[in-house]
Amino acid sequence: MNTVLSVASEVAPLIKTGGLADVVGALPAAMKPEGWRLITLVPGYPQVMERLENPRRVRRERYCFGGPGNVLADEVAGLELLVLEAPHLYDRPGSIYLGADGLDWPDNPERFAALSWVAARLAANGIDGIDVDVLHAHDWQGALAPLYLQEMAADDAVGTLLTVHNIAFHGWAEPAKLRAMRLPRALYTHELLEYHGRVNALKAGLVTANRISTVSPTYARELLTPEYGMGLDGVIRTREADLTGILNGIDEVAWDPAKDPAITPYKSPRGKAKNKTALLKEFDLKPGKGPLCVVISRLTEQKGLDLLLQCLHVLAERDARLALLGTGEAWLEEAWRKAAAEVPGVAVKIGYDEALSHRMIAGADAILIPSRFEPCGLTQLYGLRYGTMPLVADTGGLSDTVIDANVAALSMGVATGIKFNPVAAPQLREALNRLCDIYDSDDGFVTMQKNGMAQPVGWAASAPRYAALYESLRCPD
Ligand code: ADP
Ligand code: GLC
């Protein structure tokens, strides 16, 4: 079987802060039927170490970026895992990216340089006698791997792919860290590592990976523009011929309304009623005439939830309800807590809760995703599968996965949700009013729910596309 070494900073169900983990965790099972074996390398955070059952050491790193390290192999939750055990880098409490002060861990450059370096080593030398055909790096935390591989002069035998899940995070480091990151000063050039006077790990990956992918076709186009490229669009334009957008799928076993153990299971929109009653109760909300909307999100600038704060009066006027589950930037957490205290019909839980997210998707009429940019987005896909209508900003993967209830789509009976554009408060208000109008129209709403539930949202379409991409990177035997 052809082998891919996939390297990432998160993998579900072991350690997750967002959709990156879901995708890294789902790809191995999705790619197996395509004839590709994926082995996933992740850092040995406490959350990962405690899940290991029968770890086997496959590599020893005596000097692993400031302390000793081991690469452990194990199978957990059906995943073939390699774990970089390096307590000086990863054994610490709290967030995997941020210290207690809410700022990046100061040694993040070394922490993820180590991960990428070890990935390159494993790809170059093989894993316990298994040759690696393709090194698949995810986001900035894996982005230095193709460069290290090149430096190890092993890039002839192993093809490299960098997947951009989010261009907003570049992996900055001060040039003083070059040595600690095992990056020769000669590589610190404008063509490669240097970006406005600092090291930029993502840029290095964008320049050196054989191919680049991102998580939706629309985001692939957007990345080429200054509006969305976040300063790296120029670099990406030089690689346009090697850039592909492949839509994410969701885990259709974990997210199946007919079998979900966290909810009262159902197969048609009518079956949502019990879940809705339970959800209203859980959030201490009274039933209203309008739809019950939910938000499940990281609370960051990207997600546009400050715009939603400016539109809450529309929901109140239409007697709709809103339940939000989220965690993130302090100013947004505070603003949402305040909104819940002041605006009737709005309830908020600040925190991260996987089981509650299932109950919310099952019980709601609509899910709101007003993102300023969204490489793919997974929660609109959960919404579709659970008959929970997505109301989304018309951007990135949200554009590719939702069919807007415009006149043509309604008359053809194919609409699945509501899109708005530009991403600003007046357009969001109009979209919320449209949602409430459609909800009032009963039949129309149910047709859209059924359309959503019938839409394919798994990996069936995207797995062959990844397989073709991997194949194009494999050296002929
Ligand atoms: P992003 O990766 O940008 O955060 P995605 O929509 O791709 O956005 O993925 C987010 C994932 O994280 C989804 O699986 C979503 O359900 C989950 N999620 C986000 N916030 C929470 C939360 N507070 N509690 C539970 N799950 C959450
Ligand atoms: C990122 C993006 C999100 C995408 C996820 C998985 O976190 O913000 O849109 O769905 O990665 O690819």
# chains A, B, ... in the order shown; residues from 1 in each chain; ligands from 1
$ closest_atom_pairs --of "chain A" --to "ligand 1" --cutoff "10 Å" --atoms "only C-alpha atoms and all ligand atoms" --output "Markdown table"
| residue | atom | partner | partner_atom_place_in_ligand_line | distance |
| --- | --- | --- | --- | --- |
| A:Ala12 | CA | ligand 1 | 14 (O) | 9.3 |
| A:Lys16 | CA | ligand 1 | 12 (O) | 7.5 |
| A:Thr17 | CA | ligand 1 | 12 (O) | 6.3 |
| A:Gly18 | CA | ligand 1 | 2 (O) | 3.8 |
| A:Gly19 | CA | ligand 1 | 9 (O) | 3.3 |
| A:Leu20 | CA | ligand 1 | 2 (O) | 5.5 |
| A:Ala21 | CA | ligand 1 | 2 (O) | 7.9 |
| A:Asp22 | CA | ligand 1 | 14 (O) | 6.4 |
| A:Val23 | CA | ligand 1 | 7 (O) | 8.4 |
| A:His165 | CA | ligand 1 | 2 (O) | 7.8 |
| A:Asn166 | CA | ligand 1 | 3 (O) | 7.5 |
| A:Val215 | CA | ligand 1 | 7 (O) | 9.4 |
| A:Asn248 | CA | ligand 1 | 7 (O) | 8.6 |
| A:Ile250 | CA | ligand 1 | 14 (O) | 8.7 |
| A:Asp251 | CA | ligand 1 | 14 (O) | 9.7 |
| A:Trp255 | CA | ligand 1 | 14 (O) | 9.9 |
| A:Val295 | CA | ligand 1 | 20 (N) | 8.7 |
| A:Ile296 | CA | ligand 1 | 20 (N) | 5.1 |
| A:Ser297 | CA | ligand 1 | 20 (N) | 3.8 |
| A:Arg298 | CA | ligand 1 | 20 (N) | 4.7 |
| A:Leu299 | CA | ligand 1 | 20 (N) | 8.0 |
| A:Thr300 | CA | ligand 1 | 4 (O) | 9.1 |
| A:Gln302 | CA | ligand 1 | 3 (O) | 7.9 |
| A:Lys303 | CA | ligand 1 | 3 (O) | 7.7 |
| A:Leu324 | CA | ligand 1 | 23 (N) | 8.6 |
| A:Leu325 | CA | ligand 1 | 23 (N) | 5.0 |
| A:Gly326 | CA | ligand 1 | 23 (N) | 3.7 |
| A:Thr327 | CA | ligand 1 | 23 (N) | 5.3 |
| A:Gly328 | CA | ligand 1 | 23 (N) | 8.5 |
| A:Lys349 | CA | ligand 1 | 23 (N) | 8.3 |
| A:Ile350 | CA | ligand 1 | 23 (N) | 7.1 |
| A:Gly351 | CA | ligand 1 | 23 (N) | 5.2 |
| A:Tyr352 | CA | ligand 1 | 24 (N) | 3.5 |
| A:Asp353 | CA | ligand 1 | 24 (N) | 4.1 |
| A:Glu354 | CA | ligand 1 | 25 (C) | 4.2 |
| A:Ala355 | CA | ligand 1 | 25 (C) | 7.4 |
| A:Leu356 | CA | ligand 1 | 25 (C) | 7.0 |
| A:Ser357 | CA | ligand 1 | 25 (C) | 5.2 |
| A:His358 | CA | ligand 1 | 16 (O) | 7.9 |
| A:Met360 | CA | ligand 1 | 16 (O) | 9.9 |
| A:Ile361 | CA | ligand 1 | 16 (O) | 8.9 |
| A:Ile369 | CA | ligand 1 | 6 (O) | 8.8 |
| A:Ser371 | CA | ligand 1 | 3 (O) | 9.2 |
| A:Phe373 | CA | ligand 1 | 3 (O) | 9.2 |
| A:Glu374 | CA | ligand 1 | 3 (O) | 6.8 |
| A:Pro375 | CA | ligand 1 | 3 (O) | 7.6 |
| A:Cys376 | CA | ligand 1 | 7 (O) | 6.1 |
| A:Gly377 | CA | ligand 1 | 6 (O) | 3.6 |
| A:Leu378 | CA | ligand 1 | 6 (O) | 3.8 |
| A:Thr379 | CA | ligand 1 | 6 (O) | 4.8 |
| A:Gln380 | CA | ligand 1 | 6 (O) | 7.3 |
| A:Leu381 | CA | ligand 1 | 6 (O) | 8.6 |
| A:Tyr382 | CA | ligand 1 | 16 (O) | 8.0 |
| A:Gly397 | CA | ligand 1 | 7 (O) | 9.4 |
| A:Leu398 | CA | ligand 1 | 6 (O) | 9.6 |
$ write_last_selection --atoms "C-alpha atoms" --output "PDB file, in the first residue's frame"
ATOM      1  CA  ALA A  12      -9.524  14.307  16.599  1.00  0.00           C
ATOM      2  CA  LYS A  16      -8.838  19.445  19.017  1.00  0.00           C
ATOM      3  CA  THR A  17      -9.258  23.198  18.982  1.00  0.00           C
ATOM      4  CA  GLY A  18     -11.022  23.400  15.613  1.00  0.00           C
ATOM      5  CA  GLY A  19     -11.790  21.797  12.269  1.00  0.00           C
ATOM      6  CA  LEU A  20      -8.129  21.046  11.535  1.00  0.00           C
ATOM      7  CA  ALA A  21      -8.305  18.202  14.064  1.00  0.00           C
ATOM      8  CA  ASP A  22     -11.472  16.796  12.508  1.00  0.00           C
ATOM      9  CA  VAL A  23      -9.971  16.722   9.039  1.00  0.00           C
ATOM     10  CA  HIS A 165      -6.487  25.140   6.509  1.00  0.00           C
ATOM     11  CA  ASN A 166      -6.199  28.772   7.492  1.00  0.00           C
ATOM     12  CA  VAL A 215      -9.902  23.008   1.904  1.00  0.00           C
ATOM     13  CA  ASN A 248     -13.538  18.870   3.477  1.00  0.00           C
ATOM     14  CA  ILE A 250     -17.380  15.368   7.837  1.00  0.00           C
ATOM     15  CA  ASP A 251     -17.240  12.154   9.832  1.00  0.00           C
ATOM     16  CA  TRP A 255     -22.416  13.017  12.894  1.00  0.00           C
ATOM     17  CA  VAL A 295     -23.939  29.265  16.885  1.00  0.00           C
ATOM     18  CA  ILE A 296     -21.106  26.806  17.668  1.00  0.00           C
ATOM     19  CA  SER A 297     -17.817  28.519  17.127  1.00  0.00           C
ATOM     20  CA  ARG A 298     -14.423  29.743  18.132  1.00  0.00           C
ATOM     21  CA  LEU A 299     -14.987  33.359  19.177  1.00  0.00           C
ATOM     22  CA  THR A 300     -12.512  35.193  16.939  1.00  0.00           C
ATOM     23  CA  GLN A 302     -12.673  35.459  11.608  1.00  0.00           C
ATOM     24  CA  LYS A 303     -16.098  34.185  12.596  1.00  0.00           C
ATOM     25  CA  LEU A 324     -24.520  30.255  21.380  1.00  0.00           C
ATOM     26  CA  LEU A 325     -21.725  27.895  22.421  1.00  0.00           C
ATOM     27  CA  GLY A 326     -18.231  29.253  22.019  1.00  0.00           C
ATOM     28  CA  THR A 327     -14.893  30.115  23.468  1.00  0.00           C
ATOM     29  CA  GLY A 328     -12.085  32.381  22.364  1.00  0.00           C
ATOM     30  CA  LYS A 349     -22.593  29.125  27.118  1.00  0.00           C
ATOM     31  CA  ILE A 350     -18.932  30.044  27.093  1.00  0.00           C
ATOM     32  CA  GLY A 351     -16.884  26.877  26.859  1.00  0.00           C
ATOM     33  CA  TYR A 352     -16.011  23.910  24.698  1.00  0.00           C
ATOM     34  CA  ASP A 353     -18.438  20.979  24.821  1.00  0.00           C
ATOM     35  CA  GLU A 354     -18.539  18.323  22.110  1.00  0.00           C
ATOM     36  CA  ALA A 355     -21.707  16.535  23.328  1.00  0.00           C
ATOM     37  CA  LEU A 356     -23.589  19.821  23.724  1.00  0.00           C
ATOM     38  CA  SER A 357     -22.604  20.774  20.167  1.00  0.00           C
ATOM     39  CA  HIS A 358     -24.418  17.631  18.943  1.00  0.00           C
ATOM     40  CA  MET A 360     -27.515  21.990  19.590  1.00  0.00           C
ATOM     41  CA  ILE A 361     -27.208  20.911  15.962  1.00  0.00           C
ATOM     42  CA  ILE A 369     -22.141  31.289  10.381  1.00  0.00           C
ATOM     43  CA  SER A 371     -17.641  34.398   8.917  1.00  0.00           C
ATOM     44  CA  PHE A 373     -13.537  34.318   5.761  1.00  0.00           C
ATOM     45  CA  GLU A 374     -13.978  30.567   6.020  1.00  0.00           C
ATOM     46  CA  PRO A 375     -11.556  28.181   4.330  1.00  0.00           C
ATOM     47  CA  CYS A 376     -14.137  25.403   4.507  1.00  0.00           C
ATOM     48  CA  GLY A 377     -16.209  25.310   7.680  1.00  0.00           C
ATOM     49  CA  LEU A 378     -17.635  22.107   9.111  1.00  0.00           C
ATOM     50  CA  THR A 379     -20.605  23.238  11.193  1.00  0.00           C
ATOM     51  CA  GLN A 380     -22.691  24.159   8.120  1.00  0.00           C
ATOM     52  CA  LEU A 381     -22.136  20.555   6.966  1.00  0.00           C
ATOM     53  CA  TYR A 382     -23.346  19.209  10.321  1.00  0.00           C
ATOM     54  CA  GLY A 397     -16.178  26.709   1.714  1.00  0.00           C
ATOM     55  CA  LEU A 398     -19.486  28.172   2.883  1.00  0.00           C
TER      56      LEU A 398
END
$ residues_around --residues "Val253 (chain A)" --least-positions-apart "5" --cutoff "12 Å" --atoms "only C-alpha atoms" --output "list in words"
Ala26, Ala29, Ala30, Ala258, Lys259, Asp260, Pro261, Tyr382, Arg385, Val457, Gly458 and Trp459 of chain A
$ select_by_dssp --residues "region 318-373 of chain A" --states "helix (DSSP H, G or I)" --output "ChimeraX atom specification"
/A:330-342,354-363
$ write_last_selection --atoms "N, CA and C atoms" --output "short mmCIF file (atom, residue, chain, number, x, y, z; two decimals), in the first residue's frame"
data_model
loop_
_atom_site.label_atom_id
_atom_site.label_comp_id
_atom_site.auth_asym_id
_atom_site.auth_seq_id
_atom_site.Cartn_x
_atom_site.Cartn_y
_atom_site.Cartn_z
N ALA A 330 -11.26 37.20 24.68
CA ALA A 330 -11.94 37.67 25.89
C ALA A 330 -13.01 38.71 25.57
N TRP A 331 -12.72 39.66 24.65
CA TRP A 331 -13.68 40.74 24.39
C TRP A 331 -14.97 40.19 23.78
N LEU A 332 -14.87 39.12 22.99
CA LEU A 332 -16.07 38.55 22.39
C LEU A 332 -16.84 37.71 23.42
N GLU A 333 -16.11 37.00 24.25
CA GLU A 333 -16.79 36.23 25.31
C GLU A 333 -17.60 37.19 26.19
N GLU A 334 -16.96 38.31 26.54
CA GLU A 334 -17.60 39.29 27.41
C GLU A 334 -18.83 39.91 26.72
N ALA A 335 -18.66 40.26 25.45
CA ALA A 335 -19.76 40.90 24.71
C ALA A 335 -20.96 39.95 24.60
N TRP A 336 -20.68 38.65 24.41
CA TRP A 336 -21.79 37.70 24.29
C TRP A 336 -22.45 37.43 25.64
N ARG A 337 -21.64 37.40 26.70
CA ARG A 337 -22.24 37.23 28.04
C ARG A 337 -23.20 38.40 28.32
N LYS A 338 -22.76 39.60 27.93
CA LYS A 338 -23.56 40.81 28.16
C LYS A 338 -24.86 40.74 27.34
N ALA A 339 -24.72 40.30 26.08
CA ALA A 339 -25.90 40.20 25.22
C ALA A 339 -26.92 39.23 25.82
N ALA A 340 -26.42 38.12 26.36
CA ALA A 340 -27.34 37.13 26.95
C ALA A 340 -28.08 37.73 28.14
N ALA A 341 -27.37 38.58 28.89
CA ALA A 341 -28.00 39.18 30.07
C ALA A 341 -29.01 40.24 29.67
N GLU A 342 -28.80 40.89 28.53
CA GLU A 342 -29.63 42.06 28.17
C GLU A 342 -30.72 41.77 27.15
N GLU A 354 -18.24 19.12 23.31
CA GLU A 354 -18.54 18.32 22.11
C GLU A 354 -19.98 17.76 22.14
N ALA A 355 -20.37 17.16 23.27
CA ALA A 355 -21.71 16.53 23.33
C ALA A 355 -22.80 17.60 23.19
N LEU A 356 -22.60 18.74 23.84
CA LEU A 356 -23.59 19.82 23.72
C LEU A 356 -23.68 20.30 22.27
N SER A 357 -22.55 20.32 21.57
CA SER A 357 -22.60 20.77 20.17
C SER A 357 -23.50 19.85 19.35
N HIS A 358 -23.51 18.56 19.65
CA HIS A 358 -24.42 17.63 18.94
C HIS A 358 -25.88 17.94 19.30
N ARG A 359 -26.14 18.18 20.58
CA ARG A 359 -27.52 18.46 20.99
C ARG A 359 -28.02 19.75 20.35
N MET A 360 -27.12 20.70 20.19
CA MET A 360 -27.51 21.99 19.59
C MET A 360 -27.82 21.84 18.10
N ILE A 361 -26.97 21.10 17.40
CA ILE A 361 -27.21 20.91 15.96
C ILE A 361 -28.52 20.15 15.77
N ALA A 362 -28.79 19.18 16.64
CA ALA A 362 -30.00 18.38 16.48
C ALA A 362 -31.26 19.19 16.81
N GLY A 363 -31.17 20.04 17.83
CA GLY A 363 -32.38 20.71 18.31
C GLY A 363 -32.72 22.00 17.58
#
$ atom_distance --atom1 "CA of Glu10 (chain A)" --atom2 "CA of Asp139 (chain A)"
10.5 Å
$ atom_distance --atom1 "CA of Arg111 (chain A)" --atom2 "CA of Tyr228 (chain A)"
27.5 Å
$ atom_distance --atom1 "CA of Ala347 (chain A)" --atom2 "CA of Gly102 (chain A)"
25.3 Å
$ closest_residue --among "A:Asp437, A:Val132, A:Asn406, A:Ala204" --to "His190 (chain A)" --atoms "only C-alpha atoms"
A:Ala204
$ closest_residue --among "A:Tyr386, A:Tyr195, A:Trp140, A:Phe420" --to "ligand 2" --atoms "only C-alpha atoms and all ligand atoms"
A:Trp140
$ residues_around --residues "Val343 (chain A)" --least-positions-apart "4" --cutoff "12 Å" --atoms "only C-alpha atoms" --output "VMD selection string"
chain A and resid 285 309 to 317 319 to 323 335 to 339 347 to 348
$ residues_around --residues "region 463-477 of chain A" --least-positions-apart "5" --cutoff "7 Å" --atoms "only C-alpha atoms" --output "ChimeraX atom specification"
/A:30-31,34,133-134,157-160
$ closest_residue --among "A:Gln150, A:Thr401, A:Thr214, A:Asn54" --to "ligand 2" --atoms "only C-alpha atoms and all ligand atoms"
A:Thr214
$ decode --residues "region 325-341 of chain A" --atoms "C-alpha atoms" --output "mmCIF file, in the first residue's frame"
data_model
loop_
_atom_site.group_PDB
_atom_site.id
_atom_site.type_symbol
_atom_site.label_atom_id
_atom_site.label_comp_id
_atom_site.auth_asym_id
_atom_site.auth_seq_id
_atom_site.Cartn_x
_atom_site.Cartn_y
_atom_site.Cartn_z
ATOM 1 C CA LEU A 325 -21.725 27.895 22.421
ATOM 2 C CA GLY A 326 -18.231 29.253 22.019
ATOM 3 C CA THR A 327 -14.893 30.115 23.468
ATOM 4 C CA GLY A 328 -12.085 32.381 22.364
ATOM 5 C CA GLU A 329 -11.092 36.033 22.568
ATOM 6 C CA ALA A 330 -11.942 37.665 25.890
ATOM 7 C CA TRP A 331 -13.684 40.742 24.391
ATOM 8 C CA LEU A 332 -16.071 38.546 22.391
ATOM 9 C CA GLU A 333 -16.789 36.230 25.312
ATOM 10 C CA GLU A 334 -17.601 39.293 27.409
ATOM 11 C CA ALA A 335 -19.761 40.895 24.713
ATOM 12 C CA TRP A 336 -21.789 37.701 24.286
ATOM 13 C CA ARG A 337 -22.240 37.234 28.042
ATOM 14 C CA LYS A 338 -23.556 40.809 28.161
ATOM 15 C CA ALA A 339 -25.899 40.199 25.219
ATOM 16 C CA ALA A 340 -27.342 37.128 26.947
ATOM 17 C CA ALA A 341 -27.996 39.184 30.068
#
